[in-house]
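Take a look at the structure below.
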Amino acid sequence: MTSKAVASPNIALIKYWGKKESQSDLDRNIGLNPSISMTLSKAQTVAEVSQKHDNELDEIFINNKVASLEDQKKVTKHLDRIFDELKIKRYPCLVKSENNFPMATGLASSASAFAALTLATINEILKSDSSKIEFYLKNKELLSSLARRGSGSAARSIEGPYCYWERESAQKLKLDWKLYDTVLILSREKKAISSSQGHLLAQSSPHMKNRLEMLPQRTEKVLRALELKAINDLGPLIEEEALEMHKIMQSSSSPIDYLLPETKKLMQALNQQRTRDYYWTLDAGPNPHFISERPIREELEALLKQEDIQGEIWEDECGYGAKLL
Ligand code: PMV
């Protein structure tokens with residue numbers, strides 16, 4: 001038998017950048033601050049897990065290719081921790097993980113990948129015990145906490161459309177607002193500095209202390225704007241937040257500049273526009289995400305033409321989190 005699950009990446013409105021020091025695998029990837037995100041729906045990772053014979057090794061494929069050694073290690077480690085959590089003797093697994101969206105495009109594939117892998121693995125291990133599977137399917141915070149140990153932002157891909165992640169796990173926010181995320185892919189190059197390395201550098205920025213002091217206020221305001229469905233309140237807050245995260249990156253002891261000249265040019269052009277109902281945010285990369293209450297492809301294409309910038313557009317919208325297939 002094979003177990004299959006699907007999950008989507010999420011885009012953070014309040015960012016996770018910088019993590020607490022961990023004492024063990026249990027408290028890995030805990031952010032220095034609570035973060036807020038929107039889970040997407042069109043971009044998806046499907047993870048398939050099945051049991052192999054006892055004398056074999058784990059076999060891991062990502063997008064139909066044997067995974068790199070680095071990715072194999074991460075997946076194997078994640079399988080170890082799930083077997084451990086369920087107190088079941090580890091057996092080798094065949095894992096196939098496939099994205100329907102291009103990698104390294106600013107859509108965080110590790111979030112959707114670890115959320116889908118967590119759910120598929122639990123189902124595979126517990127397949128003969130439906131009441132235990134039910135328990136895990138209902139206990140979203142436990143799933144989130146497990147996914148988080150694979151990749152921090154995966155904690156926020158278990159649920160949707162909006163999550164608040166504080167400490168061990170993320171929780172669904174009780175909100176009903178359809179927002180769109182239009183991603184502009186300016187570059188598909190893999191980042192030179194991984195987000196794991198970036199997280200470690202965050203606290204070396206002289207701006208981090210101030211950020212952590214001021215962030216509760218911005219976080220409250222973002223929550224209020226989401227509750228009130230006030231895009232014109234939410235927009236400036238998420239732009240300020242994305243800029244601040246990049247200021248922290250650029251001012252760390254080993255500065256990281258993930259942005260391209262085209263990213264900066266677009267941000268400047270948008271700053272000149274007085275009336276706008278779509279707003280940008282950024283992850284650890286150069287590709288902006290535009291958040292809006294309606295599809296904005298046409299405006300974005302006009303803007304690219306006006307600024308003489310080439311890019312591909314990925315249109316997405318909020319969704320409901322990970323599920324078994
Ligand atoms: O989960 P990681 O280690 O890939 O960190 C993600 C960090 C950002 O995407 C830059 C921000 C966030 O909150 O998702």
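Chain identifiers are assigned as A, B, and so on, following the order in which chains appear in the structure tokens; residues are numbered from 1 within each chain, and ligands are numbered from 1 in order of appearance.
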
Would you mind listing, for every residue of chain A within 7 Å of ligand 1, the two atoms forming the shortest contact and the distance between them in Å to one decimal, using only C-alpha atoms and all ligand atoms, sorted by chain and ascending residue number, as JSON lines?
```
{"residue": "A:Ile11", "atom": "CA", "partner": "ligand 1", "partner_atom_place_in_ligand_line": "14 (O)", "distance": 6.0}
{"residue": "A:Ala12", "atom": "CA", "partner": "ligand 1", "partner_atom_place_in_ligand_line": "13 (O)", "distance": 4.7}
{"residue": "A:Ile14", "atom": "CA", "partner": "ligand 1", "partner_atom_place_in_ligand_line": "13 (O)", "distance": 6.6}
{"residue": "A:Lys15", "atom": "CA", "partner": "ligand 1", "partner_atom_place_in_ligand_line": "13 (O)", "distance": 3.7}
{"residue": "A:Tyr16", "atom": "CA", "partner": "ligand 1", "partner_atom_place_in_ligand_line": "13 (O)", "distance": 3.6}
{"residue": "A:Trp17", "atom": "CA", "partner": "ligand 1", "partner_atom_place_in_ligand_line": "7 (C)", "distance": 5.6}
{"residue": "A:Ser35", "atom": "CA", "partner": "ligand 1", "partner_atom_place_in_ligand_line": "13 (O)", "distance": 6.4}
{"residue": "A:Ala108", "atom": "CA", "partner": "ligand 1", "partner_atom_place_in_ligand_line": "9 (O)", "distance": 6.6}
{"residue": "A:Ser110", "atom": "CA", "partner": "ligand 1", "partner_atom_place_in_ligand_line": "4 (O)", "distance": 6.5}
{"residue": "A:Ala111", "atom": "CA", "partner": "ligand 1", "partner_atom_place_in_ligand_line": "1 (O)", "distance": 6.4}
{"residue": "A:Ser151", "atom": "CA", "partner": "ligand 1", "partner_atom_place_in_ligand_line": "1 (O)", "distance": 4.8}
{"residue": "A:Gly152", "atom": "CA", "partner": "ligand 1", "partner_atom_place_in_ligand_line": "1 (O)", "distance": 4.0}
{"residue": "A:Ser153", "atom": "CA", "partner": "ligand 1", "partner_atom_place_in_ligand_line": "1 (O)", "distance": 3.7}
{"residue": "A:Ala154", "atom": "CA", "partner": "ligand 1", "partner_atom_place_in_ligand_line": "1 (O)", "distance": 6.4}
{"residue": "A:Ser195", "atom": "CA", "partner": "ligand 1", "partner_atom_place_in_ligand_line": "3 (O)", "distance": 5.0}
{"residue": "A:Ser196", "atom": "CA", "partner": "ligand 1", "partner_atom_place_in_ligand_line": "3 (O)", "distance": 5.1}
{"residue": "A:Asp283", "atom": "CA", "partner": "ligand 1", "partner_atom_place_in_ligand_line": "10 (C)", "distance": 4.2}
{"residue": "A:Ala284", "atom": "CA", "partner": "ligand 1", "partner_atom_place_in_ligand_line": "10 (C)", "distance": 4.2}
```

Got a sec: who's within 8 Å of A:Val6, counting only C-alpha atoms, leaving out chain neighbours fewer than 4 positions off, as a compact mmCIF listing (two decimals) with C-alpha atoms, in the first residue's frame?
```txt
# COMPACT_ATOMS: atom_id res chain seq x y z
CA GLN A 44 1.13 21.80 -4.44
CA THR A 45 3.51 19.08 -3.33
CA VAL A 46 2.23 15.51 -3.42
CA ALA A 47 4.19 13.11 -1.18
CA SER A 112 4.68 22.09 1.34
CA ALA A 116 2.79 16.57 2.85
CA ALA A 322 -2.61 19.59 3.91
CA LYS A 323 -4.79 16.54 3.33
CA LEU A 324 -4.57 12.84 2.59
CA LEU A 325 -5.34 11.76 -0.94
```

Would you give me, as JSON, numbers by chain, the residues in stretch 58-305 of chain A that DSSP reads as alpha helix (DSSP H)?
{"A": [69, 70, 71, 72, 73, 74, 75, 76, 77, 78, 79, 80, 81, 82, 83, 84, 85, 86, 109, 110, 111, 112, 113, 114, 115, 116, 117, 118, 119, 120, 121, 122, 123, 124, 125, 130, 131, 132, 133, 134, 135, 136, 137, 138, 140, 141, 142, 143, 144, 145, 146, 147, 148, 149, 150, 195, 196, 197, 198, 199, 200, 201, 208, 209, 210, 211, 212, 213, 214, 215, 216, 217, 218, 219, 220, 221, 222, 223, 224, 225, 226, 227, 231, 232, 233, 234, 235, 236, 237, 238, 239, 240, 241, 242, 243, 244, 245, 246, 247, 248, 249, 250, 261, 262, 263, 264, 265, 266, 267, 268, 269, 270, 271, 272, 297, 298, 299, 300, 301, 302, 303, 304, 305]}

Give me, as an MDAnalysis selection string, all polymer residues having an atom no more than 6 Å from A:Ser252, counting only C-alpha atoms and skipping those fewer than 4 positions away in the same chain.
chainID A and resid 201 204:205

Generate a file of the selected residues that holds C-alpha atoms, formatted as a compact mmCIF listing (two decimals), in the first residue's frame.
```txt
# COMPACT_ATOMS: atom_id res chain seq x y z
CA LEU A 201 22.78 35.21 11.03
CA SER A 204 23.85 39.48 14.35
CA SER A 205 21.98 42.39 12.73
```

Mind checking which residues fall within 6 Å of stretch 84-100 of chain A, counting only C-alpha atoms, ignoring those fewer than 2 positions away in the same chain, and posting them as a ChimeraX atom specification?
/A:44-52,57-63,81-82

Residue set, stretch 36-284 of chain A restricted to strand (DSSP E or B), as a PyMOL selection string
chain A and resi 36-40+45-51+59-62+65-66+93-99+159+162-166+169-172+180-185+278-281

Name all residues at most 9 Å from A:Leu142 (count only C-alpha atoms; drop same-chain ones fewer than 5 positions away) and give them as number ranges by chain.
A: 136, 147, 168-169

Skipping near chain neighbours, those fewer than 2 positions away, what residues fall within 10 Å of A:Ser37 using only C-alpha atoms, listed as a PyMOL selection string?
chain A and resi 9-16+35+39-40+153+156-157+160-165+170+172-173+318

In Å, how far is it from atom CA of A:Ala120 to atom CA of A:Gln171?
20.1 Å

Within 9 Å of A:Leu215, counting only C-alpha atoms, which residues qualify if same-chain residues fewer than 5 places away don't, as a ChimeraX atom specification?
/A:14,33-34,210,220,241

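Residue nearest A:Gln273 within the list A:Leu303, A:Leu200, A:Leu26, A:Ile122: A:Leu303 [criterion: smallest interatomic distance, only C-alpha atoms].
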
Among the residues A:Leu79, A:Leu228, A:Leu212, A:Ala43, the one that comes closest to A:Met245 [using only C-alpha atoms]:
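Closest residue, counting only C-alpha atoms: A:Leu212.
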